[in-house]
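Asker: Structure file model.cif (mmCIF, C-alpha atoms and all ligand atoms) right here:
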```cif
data_model
#
loop_
_atom_site.label_atom_id
_atom_site.label_comp_id
_atom_site.auth_asym_id
_atom_site.auth_seq_id
_atom_site.Cartn_x
_atom_site.Cartn_y
_atom_site.Cartn_z
CA MET A 1 -103.15 -68.06 36.29
CA LYS A 2 -100.94 -65.00 36.45
CA LEU A 3 -102.32 -62.10 38.44
CA GLU A 4 -101.12 -58.55 37.94
CA LEU A 5 -102.34 -55.54 39.82
CA ARG A 6 -101.13 -52.42 38.05
CA GLY A 7 -101.17 -49.10 39.82
CA ILE A 8 -104.22 -49.87 41.96
CA THR A 9 -105.39 -46.76 43.81
CA LYS A 10 -108.29 -46.72 46.23
CA THR A 11 -109.35 -43.71 48.27
CA PHE A 12 -111.92 -43.29 51.00
CA GLY A 13 -112.75 -39.60 50.88
CA ALA A 14 -109.43 -37.77 51.25
CA PHE A 15 -107.68 -40.88 52.61
CA VAL A 16 -105.56 -42.88 50.17
CA ALA A 17 -105.77 -46.50 51.32
CA ASN A 18 -103.99 -47.90 48.23
CA ASP A 19 -101.59 -45.64 46.39
CA ALA A 20 -100.70 -46.98 42.93
CA ILE A 21 -99.98 -50.51 44.12
CA ASP A 22 -98.27 -52.94 41.74
CA LEU A 23 -98.27 -56.66 42.46
CA VAL A 24 -97.46 -59.63 40.23
CA VAL A 25 -98.31 -63.14 41.37
CA GLU A 26 -97.10 -65.96 39.15
CA PRO A 27 -98.88 -69.32 38.82
CA GLY A 28 -97.52 -71.78 41.34
CA GLU A 29 -96.22 -69.12 43.68
CA ILE A 30 -97.02 -68.26 47.28
CA HIS A 31 -96.72 -64.51 47.28
CA SER A 32 -97.02 -62.90 50.67
CA LEU A 33 -98.37 -59.43 51.14
CA LEU A 34 -96.78 -58.29 54.36
CA GLY A 35 -97.89 -55.15 56.14
CA GLU A 36 -98.90 -53.75 59.48
CA ASN A 37 -102.50 -53.43 60.53
CA GLY A 38 -104.02 -50.63 58.44
CA ALA A 39 -101.39 -50.82 55.68
CA GLY A 40 -104.09 -51.38 53.05
CA LYS A 41 -103.85 -55.13 52.44
CA SER A 42 -107.53 -55.99 52.75
CA THR A 43 -108.52 -52.92 50.75
CA LEU A 44 -106.36 -54.14 47.87
CA MET A 45 -107.90 -57.59 48.05
CA ASN A 46 -111.40 -56.12 48.21
CA VAL A 47 -110.61 -54.31 44.96
CA LEU A 48 -109.41 -57.60 43.47
CA TYR A 49 -112.57 -59.37 44.66
CA GLY A 50 -114.94 -56.82 43.12
CA LEU A 51 -116.08 -55.44 46.47
CA TYR A 52 -114.51 -52.01 45.81
CA ARG A 53 -114.21 -50.14 42.55
CA PRO A 54 -110.63 -48.86 42.25
CA ASP A 55 -110.08 -45.14 41.65
CA GLY A 56 -107.18 -46.00 39.37
CA GLY A 57 -105.19 -48.88 37.97
CA GLU A 58 -106.14 -52.21 36.53
CA ILE A 59 -106.41 -55.91 37.26
CA VAL A 60 -104.84 -58.18 34.65
CA LEU A 61 -105.33 -61.96 34.53
CA ASP A 62 -103.08 -63.91 32.16
CA ASP A 63 -102.34 -60.66 30.31
CA VAL A 64 -106.01 -59.75 29.88
CA PRO A 65 -107.32 -56.65 31.68
CA VAL A 66 -110.50 -57.45 33.62
CA SER A 67 -113.03 -55.45 35.57
CA PHE A 68 -115.21 -56.85 38.33
CA SER A 69 -118.39 -55.19 39.52
CA ASP A 70 -119.06 -57.73 42.28
CA PRO A 71 -117.53 -60.86 43.87
CA GLY A 72 -119.57 -63.05 41.50
CA ASP A 73 -117.55 -61.60 38.61
CA ALA A 74 -114.28 -62.17 40.45
CA MET A 75 -115.18 -65.78 41.33
CA ALA A 76 -116.25 -66.49 37.77
CA ALA A 77 -112.83 -65.24 36.60
CA GLY A 78 -111.07 -67.66 38.96
CA ILE A 79 -110.42 -65.55 42.04
CA GLY A 80 -111.03 -67.26 45.39
CA MET A 81 -111.03 -65.49 48.73
CA VAL A 82 -110.71 -66.86 52.25
CA HIS A 83 -111.39 -64.14 54.79
CA GLN A 84 -110.28 -64.05 58.38
CA HIS A 85 -113.94 -64.04 59.34
CA PHE A 86 -115.54 -66.97 57.61
CA MET A 87 -118.54 -66.43 55.38
CA LEU A 88 -120.17 -69.68 56.48
CA VAL A 89 -123.67 -70.43 57.72
CA PRO A 90 -123.00 -72.24 61.02
CA VAL A 91 -126.34 -74.09 61.22
CA PHE A 92 -125.88 -75.58 57.75
CA THR A 93 -123.77 -78.59 56.84
CA VAL A 94 -120.42 -78.49 55.09
CA ALA A 95 -121.97 -79.57 51.77
CA GLU A 96 -124.84 -77.09 52.12
CA ASN A 97 -122.32 -74.30 52.62
CA VAL A 98 -120.51 -75.37 49.46
CA VAL A 99 -123.82 -75.22 47.54
CA LEU A 100 -124.53 -71.76 48.97
CA GLY A 101 -121.09 -70.60 47.96
CA HIS A 102 -122.07 -71.14 44.36
CA GLU A 103 -125.11 -68.92 44.30
CA PRO A 104 -123.32 -65.66 43.49
CA THR A 105 -121.36 -67.34 40.72
CA LYS A 106 -122.93 -66.76 37.36
CA GLY A 107 -124.16 -70.08 36.04
CA GLY A 108 -122.32 -72.09 38.66
CA LEU A 109 -125.08 -73.80 40.61
CA LEU A 110 -124.29 -77.09 42.26
CA ASP A 111 -126.65 -79.66 43.79
CA LEU A 112 -126.20 -81.19 47.22
CA ALA A 113 -125.07 -84.61 45.98
CA ALA A 114 -122.41 -83.01 43.79
CA ALA A 115 -121.31 -80.80 46.70
CA ARG A 116 -120.95 -83.85 49.00
CA LYS A 117 -118.85 -85.58 46.36
CA LEU A 118 -116.67 -82.51 45.90
CA VAL A 119 -116.08 -82.21 49.65
CA ARG A 120 -114.95 -85.85 49.75
CA GLU A 121 -112.74 -85.48 46.68
CA ILE A 122 -111.03 -82.30 47.77
CA SER A 123 -110.51 -83.59 51.33
CA ALA A 124 -108.92 -86.78 50.00
CA ARG A 125 -106.70 -84.78 47.65
CA PHE A 126 -105.28 -82.86 50.61
CA GLY A 127 -105.27 -85.79 53.01
CA PHE A 128 -107.68 -84.51 55.63
CA GLU A 129 -111.05 -85.79 56.78
CA LEU A 130 -114.16 -83.66 56.57
CA ASP A 131 -117.68 -85.06 56.83
CA PRO A 132 -119.84 -83.33 54.18
CA ASP A 133 -122.87 -83.76 56.44
CA ALA A 134 -121.32 -82.29 59.60
CA LEU A 135 -122.83 -79.05 60.85
CA VAL A 136 -120.32 -76.25 60.43
CA GLU A 137 -121.01 -74.94 63.95
CA ASN A 138 -119.77 -78.25 65.39
CA LEU A 139 -116.42 -78.11 63.59
CA PRO A 140 -113.14 -76.80 65.00
CA VAL A 141 -112.04 -73.48 63.51
CA GLY A 142 -109.33 -75.10 61.38
CA ALA A 143 -111.91 -77.39 59.77
CA GLN A 144 -114.27 -74.45 59.18
CA GLN A 145 -111.50 -72.74 57.31
CA ARG A 146 -111.06 -75.82 55.15
CA VAL A 147 -114.72 -75.48 54.22
CA GLU A 148 -113.91 -71.98 52.95
CA ILE A 149 -110.97 -73.34 50.97
CA ILE A 150 -113.16 -76.12 49.53
CA LYS A 151 -115.76 -73.52 48.55
CA ALA A 152 -113.11 -71.58 46.64
CA LEU A 153 -111.68 -74.70 44.98
CA SER A 154 -115.13 -75.96 44.05
CA ARG A 155 -115.50 -72.74 42.05
CA ARG A 156 -112.18 -73.53 40.35
CA ALA A 157 -110.21 -70.72 41.94
CA GLU A 158 -106.87 -70.33 40.16
CA VAL A 159 -105.82 -67.40 42.31
CA LEU A 160 -106.48 -67.99 45.99
CA VAL A 161 -106.27 -65.09 48.42
CA LEU A 162 -105.96 -65.88 52.12
CA ASP A 163 -106.47 -62.72 54.18
CA GLU A 164 -104.85 -63.20 57.61
CA PRO A 165 -105.91 -66.84 57.57
CA THR A 166 -103.96 -67.87 60.65
CA ALA A 167 -105.36 -65.25 63.03
CA VAL A 168 -107.96 -67.67 64.38
CA LEU A 169 -105.94 -70.89 64.13
CA THR A 170 -103.98 -72.88 66.69
CA PRO A 171 -100.27 -73.39 65.91
CA HIS A 172 -101.03 -76.95 64.77
CA GLU A 173 -103.85 -75.77 62.50
CA THR A 174 -101.49 -73.10 61.14
CA ASP A 175 -98.96 -75.77 60.18
CA GLU A 176 -101.71 -77.81 58.53
CA LEU A 177 -102.86 -74.77 56.57
CA MET A 178 -99.32 -74.17 55.36
CA THR A 179 -99.15 -77.76 54.11
CA ILE A 180 -102.37 -77.20 52.15
CA MET A 181 -101.02 -73.92 50.75
CA ARG A 182 -97.81 -75.59 49.58
CA GLN A 183 -99.73 -78.42 47.90
CA LEU A 184 -101.99 -75.93 46.11
CA ARG A 185 -98.93 -73.97 45.03
CA ASP A 186 -97.30 -77.15 43.73
CA GLU A 187 -100.48 -77.91 41.77
CA GLY A 188 -100.18 -74.51 40.06
CA THR A 189 -102.49 -72.26 42.07
CA SER A 190 -101.37 -68.65 42.51
CA ILE A 191 -101.59 -67.86 46.20
CA VAL A 192 -101.72 -64.44 47.86
CA PHE A 193 -101.00 -64.84 51.55
CA ILE A 194 -101.80 -61.77 53.63
CA THR A 195 -100.26 -61.44 57.03
CA HIS A 196 -98.25 -59.37 59.45
CA LYS A 197 -96.70 -62.47 61.05
CA LEU A 198 -93.02 -62.67 60.22
CA ARG A 199 -92.43 -66.29 61.18
CA GLU A 200 -95.24 -67.46 58.89
CA VAL A 201 -94.14 -65.29 56.03
CA LYS A 202 -90.63 -66.72 56.24
CA ALA A 203 -91.93 -70.29 56.48
CA VAL A 204 -94.21 -70.36 53.49
CA SER A 205 -93.39 -67.58 50.99
CA ASP A 206 -91.81 -67.83 47.58
CA ARG A 207 -91.91 -64.04 47.28
CA ILE A 208 -92.78 -61.24 49.67
CA THR A 209 -94.12 -57.80 48.83
CA VAL A 210 -94.16 -55.34 51.71
CA ILE A 211 -96.74 -52.57 51.89
CA ARG A 212 -96.75 -49.66 54.27
CA ARG A 213 -99.37 -46.91 54.48
CA GLY A 214 -100.94 -47.91 51.20
CA ARG A 215 -97.72 -48.12 49.20
CA VAL A 216 -95.43 -50.91 48.09
CA VAL A 217 -92.16 -50.26 49.89
CA GLY A 218 -90.24 -53.17 48.48
CA GLU A 219 -89.80 -56.86 47.94
CA ALA A 220 -88.21 -58.92 50.67
CA ASP A 221 -86.36 -62.19 50.50
CA PRO A 222 -87.98 -65.04 52.47
CA SER A 223 -84.52 -65.84 53.82
CA ALA A 224 -84.15 -62.34 55.31
CA ASP A 225 -84.14 -62.34 59.08
CA GLN A 226 -87.24 -61.26 60.96
CA ALA A 227 -85.74 -57.94 62.07
CA GLU A 228 -85.06 -57.01 58.46
CA LEU A 229 -88.63 -57.84 57.47
CA ALA A 230 -90.01 -55.98 60.47
CA SER A 231 -87.90 -52.91 59.69
CA LEU A 232 -89.20 -52.81 56.13
CA MET A 233 -92.75 -53.31 57.36
CA VAL A 234 -92.72 -50.50 59.93
CA GLY A 235 -90.27 -48.16 58.19
CA ARG A 236 -87.63 -47.91 60.90
CA GLN A 237 -84.85 -50.07 62.27
CA VAL A 238 -86.08 -52.73 64.71
CA SER A 239 -84.26 -55.54 66.45
CA LEU A 240 -85.96 -58.73 67.56
CA ALA A 241 -84.96 -61.22 70.22
CA GLN A 242 -86.02 -64.23 68.10
CA ASP A 243 -83.25 -63.63 65.54
CA LYS A 244 -80.54 -64.13 68.13
P1 LIG A 301 -105.06 -53.93 56.49
O1 LIG A 301 -105.89 -54.98 55.86
O2 LIG A 301 -103.68 -53.84 55.92
O3 LIG A 301 -105.03 -54.01 57.99
P2 LIG A 301 -107.13 -52.18 55.48
O4 LIG A 301 -107.02 -52.32 54.01
O5 LIG A 301 -108.22 -52.88 56.14
O6 LIG A 301 -105.73 -52.50 56.14
O7 LIG A 301 -107.27 -50.64 55.83
C1 LIG A 301 -106.36 -49.67 55.34
C2 LIG A 301 -106.80 -48.30 55.79
O8 LIG A 301 -107.99 -47.94 55.10
C3 LIG A 301 -107.12 -48.23 57.29
O9 LIG A 301 -106.66 -47.00 57.77
C4 LIG A 301 -108.63 -48.30 57.32
O10 LIG A 301 -109.12 -47.59 58.44
C5 LIG A 301 -109.02 -47.62 56.01
N1 LIG A 301 -110.27 -48.16 55.49
C6 LIG A 301 -110.48 -49.44 55.12
N2 LIG A 301 -111.72 -49.60 54.66
C7 LIG A 301 -112.33 -48.39 54.76
C8 LIG A 301 -113.64 -47.89 54.43
N3 LIG A 301 -114.58 -48.69 53.92
N4 LIG A 301 -113.89 -46.58 54.67
C9 LIG A 301 -112.94 -45.78 55.17
N5 LIG A 301 -111.70 -46.17 55.49
C10 LIG A 301 -111.39 -47.46 55.28
MG MG A 302 -106.32 -55.27 59.46
MG MG A 303 -106.85 -56.62 56.68
#
```
Rewrite the coordinates I just gave you, this time as structure tokens.

Answerer:
Amino acid sequence: MKLELRGITKTFGAFVANDAIDLVVEPGEIHSLLGENGAGKSTLMNVLYGLYRPDGGEIVLDDVPVSFSDPGDAMAAGIGMVHQHFMLVPVFTVAENVVLGHEPTKGGLLDLAAARKLVREISARFGFELDPDALVENLPVGAQQRVEIIKALSRRAEVLVLDEPTAVLTPHETDELMTIMRQLRDEGTSIVFITHKLREVKAVSDRITVIRRGRVVGEADPSADQAELASLMVGRQVSLAQDK
């Protein structure tokens, strides 16, 4: 599914957190949204997910303007969201969390047996192991994140937003996540990858949009060196040792 954000503006009082942001994410593309802390990335995604009403602009899915009044609407339209802080119930099992994830979705209830089956199917598809009956609190962080991804896929997300998904991961788990992202991309999912980490953005992006202080300041090429990306991100010339 093609996602277009057209001129999205979101203010908090006098503060403009998103200032007429345009973003186009094609099906089968990993599109990174690169920006410093406070640039307005999560705000934009909260607008997309129906958590915030925009003050201006529109969301367009496959050329059809849509309007979401809550995350249930966004999920039903095919938007999936994986937050940095997982929305899981730790004392419940993996499958139970998948069932719970369906409650806000209009008409999308799932029973436990179906959830177990889905967990097995999606795990096999991506080549990892995840016991549907394991308690979430006993899982490593990387596996907990996969539960979030499974929740989104079980609701048939066609646009998957990952908001700083690597912040809590080990380097190995980060590599594994990137493998999952690439497979999803190759299967046709539109992926929005939010980060301020230059190495990751270079490793996984098909396209990069840079935002600074609530505004799109440009597109960057994934083959650009890290100093170039950093300079665009912070708005002044920077040099980095790792490009040497
Ligand atoms: P990022 O995700 O890029 O780090 P955010 O979108 O979270 O940035 O925040 C962008 C700016 O908007 C920050 O200055 C933040 O303090 C402000 N902001 C975010 N949410 C709110 C809110 N609910 N009320 C007031 N200000 C907010
Ligand atoms: Mg932040
Ligand atoms: Mg954020």

Asker: Please build the interface table for chain A against ligand LIG 301 (chain A) with a cut-off of 9 Å, listing for each qualifying residue the nearest atom pair and the distance in Å to one decimal; count all atoms listed in the file, order rows by chain and increasing number, and write it as JSON lines.

Answerer:
```
{"residue": "A:Lys10", "atom": "CA", "partner": "A:LIG301", "partner_atom": "O8", "distance": 9.0}
{"residue": "A:Thr11", "atom": "CA", "partner": "A:LIG301", "partner_atom": "N5", "distance": 8.0}
{"residue": "A:Phe12", "atom": "CA", "partner": "A:LIG301", "partner_atom": "C9", "distance": 5.0}
{"residue": "A:Gly13", "atom": "CA", "partner": "A:LIG301", "partner_atom": "C9", "distance": 7.5}
{"residue": "A:Phe15", "atom": "CA", "partner": "A:LIG301", "partner_atom": "N5", "distance": 7.2}
{"residue": "A:Val16", "atom": "CA", "partner": "A:LIG301", "partner_atom": "O8", "distance": 7.5}
{"residue": "A:Ala17", "atom": "CA", "partner": "A:LIG301", "partner_atom": "O8", "distance": 4.6}
{"residue": "A:Asn18", "atom": "CA", "partner": "A:LIG301", "partner_atom": "C1", "distance": 7.7}
{"residue": "A:Leu34", "atom": "CA", "partner": "A:LIG301", "partner_atom": "O2", "distance": 8.4}
{"residue": "A:Gly35", "atom": "CA", "partner": "A:LIG301", "partner_atom": "O2", "distance": 5.9}
{"residue": "A:Glu36", "atom": "CA", "partner": "A:LIG301", "partner_atom": "O2", "distance": 6.0}
{"residue": "A:Asn37", "atom": "CA", "partner": "A:LIG301", "partner_atom": "O3", "distance": 3.6}
{"residue": "A:Gly38", "atom": "CA", "partner": "A:LIG301", "partner_atom": "O6", "distance": 3.4}
{"residue": "A:Ala39", "atom": "CA", "partner": "A:LIG301", "partner_atom": "O2", "distance": 3.8}
{"residue": "A:Gly40", "atom": "CA", "partner": "A:LIG301", "partner_atom": "O4", "distance": 3.2}
{"residue": "A:Lys41", "atom": "CA", "partner": "A:LIG301", "partner_atom": "O2", "distance": 3.7}
{"residue": "A:Ser42", "atom": "CA", "partner": "A:LIG301", "partner_atom": "O1", "distance": 3.7}
{"residue": "A:Thr43", "atom": "CA", "partner": "A:LIG301", "partner_atom": "O4", "distance": 3.6}
{"residue": "A:Leu44", "atom": "CA", "partner": "A:LIG301", "partner_atom": "O4", "distance": 6.4}
{"residue": "A:Met45", "atom": "CA", "partner": "A:LIG301", "partner_atom": "O4", "distance": 8.0}
{"residue": "A:Asn46", "atom": "CA", "partner": "A:LIG301", "partner_atom": "O4", "distance": 8.2}
{"residue": "A:Tyr52", "atom": "CA", "partner": "A:LIG301", "partner_atom": "N3", "distance": 8.8}
{"residue": "A:Asp163", "atom": "CA", "partner": "A:LIG301", "partner_atom": "O1", "distance": 7.9}
{"residue": "A:Glu164", "atom": "CA", "partner": "A:LIG301", "partner_atom": "O1", "distance": 8.5}
{"residue": "A:Ile194", "atom": "CA", "partner": "A:LIG301", "partner_atom": "O1", "distance": 8.2}
{"residue": "A:Thr195", "atom": "CA", "partner": "A:LIG301", "partner_atom": "O2", "distance": 8.4}
{"residue": "A:His196", "atom": "CA", "partner": "A:LIG301", "partner_atom": "O2", "distance": 8.5}
{"residue": "A:Ile211", "atom": "CA", "partner": "A:LIG301", "partner_atom": "O2", "distance": 8.1}
{"residue": "A:Arg212", "atom": "CA", "partner": "A:LIG301", "partner_atom": "O2", "distance": 8.3}
{"residue": "A:Arg213", "atom": "CA", "partner": "A:LIG301", "partner_atom": "C1", "distance": 7.6}
{"residue": "A:Gly214", "atom": "CA", "partner": "A:LIG301", "partner_atom": "C1", "distance": 7.0}
```

Asker: Let me make sure I understand: among A:Thr179, A:Gln84, A:Leu229, A:Ser223, which one has the smallest atom-to-atom distance to ligand MG 302 (chain A) if we use all atoms listed in the file?

Answerer: A:Gln84

Asker: Considering only C-alpha atoms and all ligand atoms, state which residue in the set A:His83, A:Val136, A:Arg120, A:Asp175 is at the smallest distance from ligand MG 302 (chain A).

Answerer: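 Under the stated criterion, the closest residue is A:His83.
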
Asker: Please return as a PyMOL selection string every residue within 9 Å of (-89.8, -59.2, 55.5), taking into account all atoms listed in the file and the file's own coordinates.

Answerer: chain A and resi 34+198+201-202+208-210+219-233

Asker: May I ask for the distance between CA of Ser154 (chain A) and CA of Glu129 (chain A), given in Å to one decimal place?

Answerer: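 Separation between CA of Ser154 (chain A) and CA of Glu129 (chain A): 16.6 Å.
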
Asker: Can you list, as a ChimeraX atom specification, every protein, DNA or RNA residue that comes within 12 Å of Met178 (chain A) when you count all atoms listed in the file, leaving out same-chain residues fewer than 6 positions away?

Answerer: /A:30,126,142,146,162,165-166,169,171-172,184-185,191,193,199-205

Asker: Which residues, protein or nucleic acid, reach to within 8 Å of (-114.1, -70.9, 46.8) in the file's coordinates when using only C-alpha atoms, and can you give that as a ChimeraX atom specification?

Answerer: /A:75,80-82,101,148-157

Asker: With C-alpha atoms retained, could you export that selection as an mmCIF file, in the frame of the given file?

Answerer:
```cif
data_model
loop_
_atom_site.group_PDB
_atom_site.id
_atom_site.type_symbol
_atom_site.label_atom_id
_atom_site.label_comp_id
_atom_site.auth_asym_id
_atom_site.auth_seq_id
_atom_site.Cartn_x
_atom_site.Cartn_y
_atom_site.Cartn_z
ATOM 1 C CA MET A 75 -115.180 -65.780 41.330
ATOM 2 C CA GLY A 80 -111.030 -67.260 45.390
ATOM 3 C CA MET A 81 -111.030 -65.490 48.730
ATOM 4 C CA VAL A 82 -110.710 -66.860 52.250
ATOM 5 C CA GLY A 101 -121.090 -70.600 47.960
ATOM 6 C CA GLU A 148 -113.910 -71.980 52.950
ATOM 7 C CA ILE A 149 -110.970 -73.340 50.970
ATOM 8 C CA ILE A 150 -113.160 -76.120 49.530
ATOM 9 C CA LYS A 151 -115.760 -73.520 48.550
ATOM 10 C CA ALA A 152 -113.110 -71.580 46.640
ATOM 11 C CA LEU A 153 -111.680 -74.700 44.980
ATOM 12 C CA SER A 154 -115.130 -75.960 44.050
ATOM 13 C CA ARG A 155 -115.500 -72.740 42.050
ATOM 14 C CA ARG A 156 -112.180 -73.530 40.350
ATOM 15 C CA ALA A 157 -110.210 -70.720 41.940
#
```

Asker: Closest to ligand MG 303 (chain A) among A:His102, A:Val119, A:Leu177, A:Val161, using only C-alpha atoms and all ligand atoms?

Answerer: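 Among A:His102, A:Val119, A:Leu177, A:Val161, it is A:Val161 that comes nearest to ligand MG 303 (chain A).
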
Asker: Of the candidates A:Ala167, A:Leu240, A:Ala134, A:Ile122, which shows the shortest atom-to-atom distance to ligand MG 303 (chain A), using all atoms listed in the file?

Answerer: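 Checking each of A:Ala167, A:Leu240, A:Ala134, A:Ile122 against ligand MG 303 (chain A), counting all atoms listed in the file, the winner is A:Ala167.
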
Asker: How far is it from CA of Ala74 (chain A) to CA of Ser123 (chain A), in Å with one decimal?

Answerer: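 According to the coordinates, CA of Ala74 (chain A) and CA of Ser123 (chain A) are separated by 24.3 Å.
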
Asker: Which one of A:Gly50, A:Gly127, A:Gly72, A:Gly57 sits closest to Gln183 (chain A) if you count all atoms listed in the file?

Answerer: A:Gly127

Asker: Which is closest to Val66 (chain A) among A:Val24, A:Val99, A:Met181, A:Leu5, if we use all atoms listed in the file?

Answerer: A:Leu5

Asker: Would you mind reading off the distance between CA of Val25 (chain A) and CA of Asp63 (chain A), one decimal, in Å?

Answerer: 12.0 Å

Asker: Compile the contact shell of Ser67 (chain A) as a ChimeraX atom specification: residues with an atom at most 10 Å away, counting all atoms listed in the file, same-chain residues fewer than 4 positions apart removed.

Answerer: /A:47-50,53-54,58-60,73-74,77

Asker: Could region 221-240 of chain A be written out with N, CA and C atoms, as a compact mmCIF listing (two decimals), in the first residue's frame, please?

Answerer:
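Result file selection08.txt:
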```txt
# COMPACT_ATOMS: atom_id res chain seq x y z
N ASP A 221 20.62 10.25 0.24
CA ASP A 221 20.91 8.99 -0.44
C ASP A 221 21.49 8.02 0.58
N PRO A 222 21.00 6.77 0.61
CA PRO A 222 21.56 5.80 1.57
C PRO A 222 23.06 5.58 1.39
N SER A 223 23.59 5.91 0.22
CA SER A 223 25.03 5.74 0.02
C SER A 223 25.84 6.95 0.47
N ALA A 224 25.15 8.01 0.91
CA ALA A 224 25.86 9.19 1.43
C ALA A 224 26.68 8.79 2.66
N ASP A 225 27.78 9.48 2.90
CA ASP A 225 28.53 9.09 4.09
C ASP A 225 27.85 9.64 5.35
N GLN A 226 28.27 9.10 6.48
CA GLN A 226 27.56 9.42 7.72
C GLN A 226 27.65 10.90 8.06
N ALA A 227 28.77 11.53 7.74
CA ALA A 227 28.94 12.96 8.05
C ALA A 227 27.93 13.80 7.27
N GLU A 228 27.69 13.38 6.03
CA GLU A 228 26.73 14.11 5.19
C GLU A 228 25.31 13.98 5.77
N LEU A 229 24.98 12.76 6.18
CA LEU A 229 23.66 12.55 6.80
C LEU A 229 23.54 13.33 8.10
N ALA A 230 24.59 13.28 8.90
CA ALA A 230 24.57 13.98 10.19
C ALA A 230 24.43 15.48 9.98
N SER A 231 25.12 16.03 8.97
CA SER A 231 25.07 17.46 8.71
C SER A 231 23.66 17.89 8.33
N LEU A 232 23.01 17.08 7.51
CA LEU A 232 21.64 17.38 7.11
C LEU A 232 20.71 17.29 8.32
N MET A 233 20.97 16.30 9.16
CA MET A 233 20.11 16.08 10.32
C MET A 233 20.20 17.22 11.32
N VAL A 234 21.42 17.72 11.57
CA VAL A 234 21.57 18.75 12.61
C VAL A 234 21.63 20.17 12.04
N GLY A 235 21.77 20.30 10.71
CA GLY A 235 21.72 21.62 10.10
C GLY A 235 23.02 22.41 10.16
N ARG A 236 24.12 21.72 10.35
CA ARG A 236 25.44 22.36 10.25
C ARG A 236 26.46 21.29 9.88
N GLN A 237 27.59 21.74 9.40
CA GLN A 237 28.63 20.83 8.95
C GLN A 237 29.21 20.03 10.11
N VAL A 238 29.20 18.71 10.02
CA VAL A 238 29.86 17.90 11.05
C VAL A 238 30.80 16.91 10.38
N SER A 239 31.87 16.56 11.08
CA SER A 239 32.74 15.50 10.56
C SER A 239 32.78 14.38 11.58
N LEU A 240 32.84 13.16 11.08
CA LEU A 240 32.76 11.99 11.96
C LEU A 240 33.95 11.08 11.72
```
